[in-house]
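Enquirer: File follows, work08.cif with mmCIF, C-alpha atoms and all ligand atoms:
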data_final
#
loop_
_atom_site.group_PDB
_atom_site.id
_atom_site.type_symbol
_atom_site.label_atom_id
_atom_site.label_comp_id
_atom_site.auth_asym_id
_atom_site.auth_seq_id
_atom_site.Cartn_x
_atom_site.Cartn_y
_atom_site.Cartn_z
ATOM 1 C CA MET B 1 39.682 143.982 154.337
ATOM 2 C CA ASP B 2 42.889 142.091 154.994
ATOM 3 C CA TYR B 3 45.357 142.221 152.115
ATOM 4 C CA SER B 4 48.122 140.345 153.918
ATOM 5 C CA LYS B 5 47.630 137.237 151.753
ATOM 6 C CA ILE B 6 48.236 139.274 148.598
ATOM 7 C CA ILE B 7 51.234 141.001 150.137
ATOM 8 C CA ASN B 8 52.702 137.703 151.320
ATOM 9 C CA LYS B 9 52.220 136.168 147.872
ATOM 10 C CA ALA B 10 53.803 139.190 146.215
ATOM 11 C CA LEU B 11 56.776 139.197 148.572
ATOM 12 C CA GLY B 12 57.197 135.446 148.209
ATOM 13 C CA SER B 13 57.376 135.902 144.439
ATOM 14 C CA VAL B 14 59.704 138.898 144.532
ATOM 15 C CA ARG B 15 62.148 137.719 147.180
ATOM 16 C CA PRO B 16 63.894 135.048 145.050
ATOM 17 C CA VAL B 17 64.407 137.394 142.086
ATOM 18 C CA PHE B 18 65.073 140.778 143.713
ATOM 19 C CA ARG B 19 68.586 142.029 142.947
ATOM 20 C CA LEU B 20 68.833 144.989 145.345
ATOM 21 C CA HIS B 21 68.943 145.485 149.114
ATOM 22 C CA TRP B 22 65.692 144.172 150.582
ATOM 23 C CA TYR B 23 65.720 146.344 153.732
ATOM 24 C CA HIS B 24 68.199 149.143 153.145
ATOM 25 C CA GLY B 25 67.751 149.997 149.488
ATOM 26 C CA ALA B 26 65.822 153.025 148.285
ATOM 27 C CA HIS B 27 63.499 150.690 146.371
ATOM 28 C CA GLY B 28 63.119 147.870 148.898
ATOM 29 C CA ILE B 29 60.440 146.749 151.309
ATOM 30 C CA ALA B 30 60.164 150.056 153.192
ATOM 31 C CA HIS B 31 59.512 151.927 149.943
ATOM 32 C CA TRP B 32 56.962 149.361 148.791
ATOM 33 C CA SER B 33 55.166 149.616 152.146
ATOM 34 C CA ARG B 34 54.946 153.374 151.723
ATOM 35 C CA VAL B 35 53.580 152.910 148.199
ATOM 36 C CA TRP B 36 50.972 150.514 149.625
ATOM 37 C CA TYR B 37 50.046 153.000 152.365
ATOM 38 C CA HIS B 38 49.432 155.750 149.819
ATOM 39 C CA GLY B 39 47.881 153.311 147.347
ATOM 40 C CA ARG B 40 45.183 152.394 149.875
ATOM 41 C CA ARG B 41 44.352 156.079 150.271
ATOM 42 C CA ILE B 42 44.128 156.491 146.497
ATOM 43 C CA ALA B 43 41.958 153.370 146.216
ATOM 44 C CA ARG B 44 39.495 154.787 148.746
ATOM 45 C CA ALA B 45 39.421 158.168 147.027
ATOM 46 C CA ILE B 46 38.767 156.921 143.496
ATOM 47 C CA ASP B 47 36.950 153.649 144.216
ATOM 48 C CA VAL B 48 39.595 151.266 142.860
ATOM 49 C CA ASN B 49 39.994 147.720 144.152
ATOM 50 C CA PRO B 50 42.848 147.984 146.690
ATOM 51 C CA ALA B 51 44.062 144.525 145.669
ATOM 52 C CA ILE B 52 45.301 146.018 142.403
ATOM 53 C CA LEU B 53 47.306 148.612 144.287
ATOM 54 C CA ALA B 54 48.650 146.009 146.708
ATOM 55 C CA TRP B 55 50.074 144.029 143.805
ATOM 56 C CA PHE B 56 51.394 147.231 142.243
ATOM 57 C CA ALA B 57 53.046 148.402 145.456
ATOM 58 C CA TYR B 58 54.980 145.184 145.961
ATOM 59 C CA LEU B 59 55.787 144.362 142.327
ATOM 60 C CA HIS B 60 56.530 147.670 140.637
ATOM 61 C CA ASP B 61 60.229 147.784 141.579
ATOM 62 C CA SER B 62 60.718 144.030 141.696
ATOM 63 C CA GLN B 63 62.735 143.904 138.488
ATOM 64 C CA ARG B 64 65.104 146.802 139.105
ATOM 65 C CA HIS B 65 68.690 146.189 138.160
ATOM 66 C CA ASN B 66 69.940 149.151 140.162
ATOM 67 C CA GLU B 67 68.755 151.920 142.506
ATOM 68 C CA TYR B 68 69.331 154.719 140.025
ATOM 69 C CA SER B 69 68.507 155.043 136.349
ATOM 70 C CA ASP B 70 66.777 151.913 135.157
ATOM 71 C CA PRO B 71 64.197 153.021 132.594
ATOM 72 C CA LEU B 72 63.141 149.488 131.685
ATOM 73 C CA HIS B 73 62.368 148.330 135.221
ATOM 74 C CA GLY B 74 58.681 149.112 134.795
ATOM 75 C CA LYS B 75 58.410 147.087 131.603
ATOM 76 C CA ARG B 76 60.185 144.166 133.252
ATOM 77 C CA ALA B 77 57.841 144.459 136.255
ATOM 78 C CA VAL B 78 54.832 144.310 133.917
ATOM 79 C CA ASP B 79 56.229 141.174 132.292
ATOM 80 C CA PHE B 80 56.831 139.685 135.755
ATOM 81 C CA ALA B 81 53.268 140.473 136.825
ATOM 82 C CA LEU B 82 51.898 138.925 133.634
ATOM 83 C CA GLN B 83 53.976 135.824 134.305
ATOM 84 C CA LEU B 84 52.570 135.625 137.861
ATOM 85 C CA ARG B 85 49.079 135.994 136.468
ATOM 86 C CA LYS B 86 49.667 133.261 133.885
ATOM 87 C CA GLU B 87 51.030 130.943 136.591
ATOM 88 C CA GLY B 88 47.999 131.596 138.796
ATOM 89 C CA THR B 89 49.843 133.480 141.545
ATOM 90 C CA ILE B 90 47.865 136.613 140.777
ATOM 91 C CA THR B 91 44.196 135.680 140.707
HETATM 92 FE FE FE Z 1 59.048 152.578 143.424
#
Would you kindly transcribe this structure into structure tokens?
Expert:
Amino acid sequence: MDYSKIINKALGSVRPVFRLHWYHGAHGIAHWSRVWYHGRRIARAIDVNPAILAWFAYLHDSQRHNEYSDPLHGKRAVDFALQLRKEGTIT
């Protein structure tokens, strides 16, 4: 299965709002790609739709305000994902 459409939609949504370094930050695109790599393995192991993990991989750090302690970044990412769902970006 090709998940590139999901990934492209996620990145297109995150890019305009992401506050940190896209390529060189600890929580940028390289990190998200690693999360997606491991997420696919988890999805196969526990029979979860990989699309869910693709969205998670590329959205979970999207609302970070810094690279360090940011305990509310997950809550903000949930709100962002819900907004994308409401707008029809996440289907
Ligand atoms: Fe992360």
Enquirer: Please extract the residues at most 9 Å from ligand FE 1 (chain Z), counting only C-alpha atoms and all ligand atoms, and provide them as a list in words, using the chain letters and residue numbers of this document.
Expert: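 Counting only what the definition allows, namely only C-alpha atoms and all ligand atoms, the set is Ala26, His27, Gly28, His31, Trp32, Val35, Ala57, Tyr58, Leu59, His60, Asp61 and Ser62 of chain B.
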Enquirer: Write out as a PDB file with C-alpha atoms, in the frame of the given file which residues come within 12 Å of segment 65-67 of chain B when counting all atoms listed in the file, dropping same-chain ones fewer than 2 positions away.
Expert:
ATOM      1  CA  VAL B  17      64.407 137.394 142.086  1.00  0.00           C
ATOM      2  CA  PHE B  18      65.073 140.778 143.713  1.00  0.00           C
ATOM      3  CA  ARG B  19      68.586 142.029 142.947  1.00  0.00           C
ATOM      4  CA  LEU B  20      68.833 144.989 145.345  1.00  0.00           C
ATOM      5  CA  HIS B  21      68.943 145.485 149.114  1.00  0.00           C
ATOM      6  CA  TRP B  22      65.692 144.172 150.582  1.00  0.00           C
ATOM      7  CA  HIS B  24      68.199 149.143 153.145  1.00  0.00           C
ATOM      8  CA  GLY B  25      67.751 149.997 149.488  1.00  0.00           C
ATOM      9  CA  ALA B  26      65.822 153.025 148.285  1.00  0.00           C
ATOM     10  CA  HIS B  27      63.499 150.690 146.371  1.00  0.00           C
ATOM     11  CA  GLY B  28      63.119 147.870 148.898  1.00  0.00           C
ATOM     12  CA  HIS B  31      59.512 151.927 149.943  1.00  0.00           C
ATOM     13  CA  ASP B  61      60.229 147.784 141.579  1.00  0.00           C
ATOM     14  CA  SER B  62      60.718 144.030 141.696  1.00  0.00           C
ATOM     15  CA  GLN B  63      62.735 143.904 138.488  1.00  0.00           C
ATOM     16  CA  SER B  69      68.507 155.043 136.349  1.00  0.00           C
ATOM     17  CA  ASP B  70      66.777 151.913 135.157  1.00  0.00           C
ATOM     18  CA  PRO B  71      64.197 153.021 132.594  1.00  0.00           C
ATOM     19  CA  LEU B  72      63.141 149.488 131.685  1.00  0.00           C
ATOM     20  CA  HIS B  73      62.368 148.330 135.221  1.00  0.00           C
ATOM     21  CA  GLY B  74      58.681 149.112 134.795  1.00  0.00           C
ATOM     22  CA  ARG B  76      60.185 144.166 133.252  1.00  0.00           C
ATOM     23  CA  ALA B  77      57.841 144.459 136.255  1.00  0.00           C
TER      24      ALA B  77
END
Enquirer: Which residues, named as in the file, does the PyMOL selection byres (((chain B and resi 8) around 12) and not hetatm) pick out? Answer as a PyMOL selection string.
Expert: chain B and resi 2-7+9-15+29+54-55+58-59+89-90
Enquirer: Rank nothing, just name the residue among B:Met1, B:Tyr23, B:Ala81, B:Lys86 nearest to Phe56 of chain B, using all atoms listed in the file.
Expert: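 Result for the nearest residue to Phe56 of chain B: B:Ala81.
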Enquirer: To one decimal place in Å, what is the distance between atom CA of Leu53 of chain B and atom CA of Val78 of chain B?
Expert: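 So the two atoms, atom CA of Leu53 of chain B and atom CA of Val78 of chain B, lie 13.5 Å apart.
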Enquirer: Go through B:Pro50, B:Lys75, B:Glu87, B:Pro16 and flag the residue nearest Tyr37 of chain B, using only C-alpha atoms for the distances.
Expert: B:Pro50
Enquirer: Provide the atom CA of Ala51 of chain B to atom CA of Gln83 of chain B distance in Å, to one decimal place.
Expert: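 Atom CA of Gln83 of chain B lies at a distance of 17.4 Å from atom CA of Ala51 of chain B.
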Enquirer: Could the centre and edge lengths of an axis-aligned box, enclosing all atoms of segment 22-40 of chain B in the file with 3 Å extra on each side, be given in Å to one decimal as AutoDock Vina command-line options?
Expert:
--center_x 56.7 --center_y 150.0 --center_z 150.1 --size_x 29.0 --size_y 17.6 --size_z 13.4
Enquirer: So what do you get for atom CA of Ile52 of chain B versus atom CA of Leu82 of chain B, distance-wise?
Expert: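 Distance reported for this atom pair: 13.1 Å.
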